[in-house]
Amino acid sequence: MKLASRIAGAEAAPLEQTLDTRWVMAYSAGLGETEARCYDTASPALPVHPVFPVCCEWQPLQPVRNLPELEPIYPRLVHAQHAITFHRPLRAGETVRTSARIVAALSRAPGAFLVFRCETRGAGGEPVVTSDYGYLYRGVALDGEERKVAEVADPAPFTGTLDPVGEIPVAATAAHVYTECARIFNPIHTDVAYARAAGLPGIILHGTATLALSVSRALQAHDIEWRRVRGVSCRFSGMVPMPSALTLHAGRSGGEIGFETANEKGERVISRGRLLLE
């Protein structure tokens, strides 16, 4: 199968959404957060999880993810890497506008690699969050020269030491709960028949759920508040079935925290994880 590289540059109209407090709290609850501050609506600044941007980016992404050129190869899609940059923290209750476009079409050994960029702006048009989704289409050849309409970068490795900091339990119902709380509906995470038809052994946990759980644990281990995070990046290195018991390895060096997440066999399901702090 082939994919024309000219798809780079395709975009969708911005979508306006309100980050209502119920959504923000539900996301925290879906990750099993138990601190009272995550649900204190009397607070002037209800905490917003650093991976919450994936929630308001899901709907704006759909018109681009479902382009006619991509529809036939959709079952071959793998979320391979992710990067979030905060220009300022998101605020519970605010209204934002999020746009999505394909900024790169590259050739990788396993298949065609596309980078989808979401840009979220506040009510005054100011930049709030920029996210890059690295999607690999397995077994698909890129037709034409590689094409980029914006600069993109792979997640940089952490150069410090990573030590085990604790386990992350993943319940058998984790994907169903995350789906509803995040408002991210992809049947490979909740529909066994669909997942098997896509070539998976069964439903798997969302990569962004694994990332969010890892980020929570890494910040907790270093006593860092969510609002201090200015960047999140990682590679998704493996699937997470349910139930599972994951182990987080993390370390801090200056203004960044590095982390990797491993399954019961010691295999990395998240690698090159980095949190940039203010």
# chains A, B, ... in the order shown; residues from 1 in each chain; ligands from 1
call {"tool": "select_by_dssp", "arguments": {"residues": "stretch 155-208 of chain A", "states": "alpha helix (DSSP H)", "output": "ChimeraX atom specification"}}
result
/A:174-182,192-197,207-208
call {"tool": "residues_around", "arguments": {"residues": "A:Gly122", "least_positions_apart": "6", "cutoff": "7 Å", "atoms": "only C-alpha atoms", "output": "list in words"}}
result
Thr95, Val96, Arg97 and Val128 of chain A
call {"tool": "residues_around", "arguments": {"residues": "stretch 245-252 of chain A", "least_positions_apart": "3", "cutoff": "6 Å", "atoms": "only C-alpha atoms", "output": "ChimeraX atom specification"}}
result
/A:161-170,256-263
call {"tool": "closest_atom_pairs", "arguments": {"of": "stretch 222-269 of chain A", "to": "stretch 36-60 of chain A", "cutoff": "12 Å", "atoms": "only C-alpha atoms", "output": "JSON lines"}}
result
{"residue": "A:Ile224", "atom": "CA", "partner": "A:Pro50", "partner_atom": "CA", "distance": 11.7}
{"residue": "A:Glu225", "atom": "CA", "partner": "A:Pro47", "partner_atom": "CA", "distance": 8.9}
{"residue": "A:Trp226", "atom": "CA", "partner": "A:Pro50", "partner_atom": "CA", "distance": 6.1}
{"residue": "A:Arg227", "atom": "CA", "partner": "A:Pro47", "partner_atom": "CA", "distance": 7.2}
{"residue": "A:Arg228", "atom": "CA", "partner": "A:Pro50", "partner_atom": "CA", "distance": 9.1}
{"residue": "A:Val229", "atom": "CA", "partner": "A:Pro50", "partner_atom": "CA", "distance": 6.7}
{"residue": "A:Arg230", "atom": "CA", "partner": "A:Pro50", "partner_atom": "CA", "distance": 8.4}
{"residue": "A:Gly231", "atom": "CA", "partner": "A:Pro50", "partner_atom": "CA", "distance": 8.4}
{"residue": "A:Val232", "atom": "CA", "partner": "A:Pro50", "partner_atom": "CA", "distance": 7.7}
{"residue": "A:Ser233", "atom": "CA", "partner": "A:Val51", "partner_atom": "CA", "distance": 10.1}
{"residue": "A:Cys234", "atom": "CA", "partner": "A:Val51", "partner_atom": "CA", "distance": 11.8}
call {"tool": "residues_around", "arguments": {"residues": "A:Glu126", "least_positions_apart": "6", "cutoff": "10 Å", "atoms": "only C-alpha atoms", "output": "JSON, numbers by chain"}}
result
{"A": [87, 88, 96, 120]}
call {"tool": "write_last_selection", "arguments": {"atoms": "N, CA and C atoms", "output": "compact mmCIF listing (two decimals), in the first residue's frame"}}
result
# COMPACT_ATOMS: atom_id res chain seq x y z
N HIS A 87 2.49 26.70 26.23
CA HIS A 87 2.89 28.10 26.19
C HIS A 87 2.42 28.81 27.45
N ARG A 88 1.36 28.29 28.02
CA ARG A 88 0.89 28.64 29.36
C ARG A 88 0.00 27.50 29.83
N VAL A 96 -11.43 27.36 24.39
CA VAL A 96 -10.25 27.38 23.52
C VAL A 96 -10.65 26.97 22.10
N THR A 120 -3.63 24.81 20.04
CA THR A 120 -4.75 25.30 20.83
C THR A 120 -4.48 26.73 21.25
